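Below: one structure, written as structure tokens.
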Amino acid sequence: MAMKPLADRVLIKVLKEQEEKTASGIVFSTKNPAGVPVKGEIVAVGDGKLSPHGEVIPMQVKVGDIVLLPQSAGQMIKLDGEELTLVYESEIFGIAQ
């Protein structure tokens, strides 16, 4: 099922960190410590927020952007068995370069 977010909402697939191992085989934890932003890939975006004058303010992010956001941001939803996060554009810290 496809989903198009409304207004200034963004649908994000949180990217899982790759497992890190030392040369001797010790595995590092992949959990982000509290307060550390997570990376995500934008899957869908709304058209933008309406200004008080009724004009649409365009989105600054687009599908395919890799963004940083707080771990606690947004609402987790499940679409076609895949966990995604729905956030407001203003909750995103920035676009990874």
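Letters A, B, ... go to the chains of the structure tokens in the order shown; residues in each chain start at 1; ligands are counted from 1 in the same order.
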
Quick one: residues within 12 Å of Glu83 in chain A, only C-alpha atoms counted, chain neighbours fewer than 5 positions away excluded, as a list of chain:residue names?
A:Leu11, A:Ile12, A:Lys13, A:Val14, A:Leu15, A:Lys16, A:Gly40, A:Val43, A:Gln75, A:Met76, A:Ile77, A:Lys78

Shell of 8 Å around Leu6 in chain A, only C-alpha atoms, local chain residues under 6 positions omitted, as an MDAnalysis selection string:
chainID A and resid 45:48

With DSSP run on the backbone, what are the strand (DSSP E or B) residues within chain A? I'd like them as a PyMOL selection string.
chain A and resi 9-14+20-21+27-28+38-45+49-50+56-57+66-69+75-79+82-88+94-95

Between CA of Pro70 in chain A and CA of Lys49 in chain A, what is the distance in Å, rounded to a tenth?
21.0 Å

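CA of Ala2 in chain A is positioned 23.3 Å from CA of Leu68 in chain A.
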
I want to know what sits within 7 Å of Val67 in chain A, based on only C-alpha atoms, with residues of the same chain fewer than 6 positions away left out; could you give that as a ChimeraX atom specification?
/A:39-41,92,94-96

Restricted to N, CA, C and O atoms, what would the selected residues look like written as a PDB file, in the first residue's frame?
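Output (part-v9.pdb):
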```pdb
ATOM      1  N   LYS A  39      19.749   8.192  11.468  1.00  0.00           N
ATOM      2  CA  LYS A  39      19.660   8.491  10.038  1.00  0.00           C
ATOM      3  C   LYS A  39      18.442   7.794   9.465  1.00  0.00           C
ATOM      4  O   LYS A  39      18.084   6.693   9.880  1.00  0.00           O
ATOM      5  N   GLY A  40      17.849   8.442   8.479  1.00  0.00           N
ATOM      6  CA  GLY A  40      16.722   7.844   7.806  1.00  0.00           C
ATOM      7  C   GLY A  40      16.662   8.300   6.354  1.00  0.00           C
ATOM      8  O   GLY A  40      17.213   9.348   6.005  1.00  0.00           O
ATOM      9  N   GLU A  41      16.011   7.487   5.535  1.00  0.00           N
ATOM     10  CA  GLU A  41      15.828   7.833   4.124  1.00  0.00           C
ATOM     11  C   GLU A  41      14.377   8.232   3.908  1.00  0.00           C
ATOM     12  O   GLU A  41      13.459   7.523   4.318  1.00  0.00           O
ATOM     13  N   ILE A  92      12.927  17.304  11.641  1.00  0.00           N
ATOM     14  CA  ILE A  92      14.165  16.829  11.016  1.00  0.00           C
ATOM     15  C   ILE A  92      15.282  17.838  11.310  1.00  0.00           C
ATOM     16  O   ILE A  92      15.098  19.028  11.132  1.00  0.00           O
ATOM     17  N   GLY A  94      18.376  17.865   9.800  1.00  0.00           N
ATOM     18  CA  GLY A  94      19.015  18.312   8.574  1.00  0.00           C
ATOM     19  C   GLY A  94      19.207  17.180   7.599  1.00  0.00           C
ATOM     20  O   GLY A  94      18.953  16.011   7.899  1.00  0.00           O
ATOM     21  N   ILE A  95      19.690  17.541   6.419  1.00  0.00           N
ATOM     22  CA  ILE A  95      19.958  16.577   5.348  1.00  0.00           C
ATOM     23  C   ILE A  95      21.431  16.216   5.399  1.00  0.00           C
ATOM     24  O   ILE A  95      22.295  17.101   5.434  1.00  0.00           O
ATOM     25  N   ALA A  96      21.747  14.916   5.403  1.00  0.00           N
ATOM     26  CA  ALA A  96      23.151  14.464   5.413  1.00  0.00           C
ATOM     27  C   ALA A  96      23.775  14.742   4.048  1.00  0.00           C
ATOM     28  O   ALA A  96      23.149  14.512   3.018  1.00  0.00           O
TER      29      ALA A  96
END
```
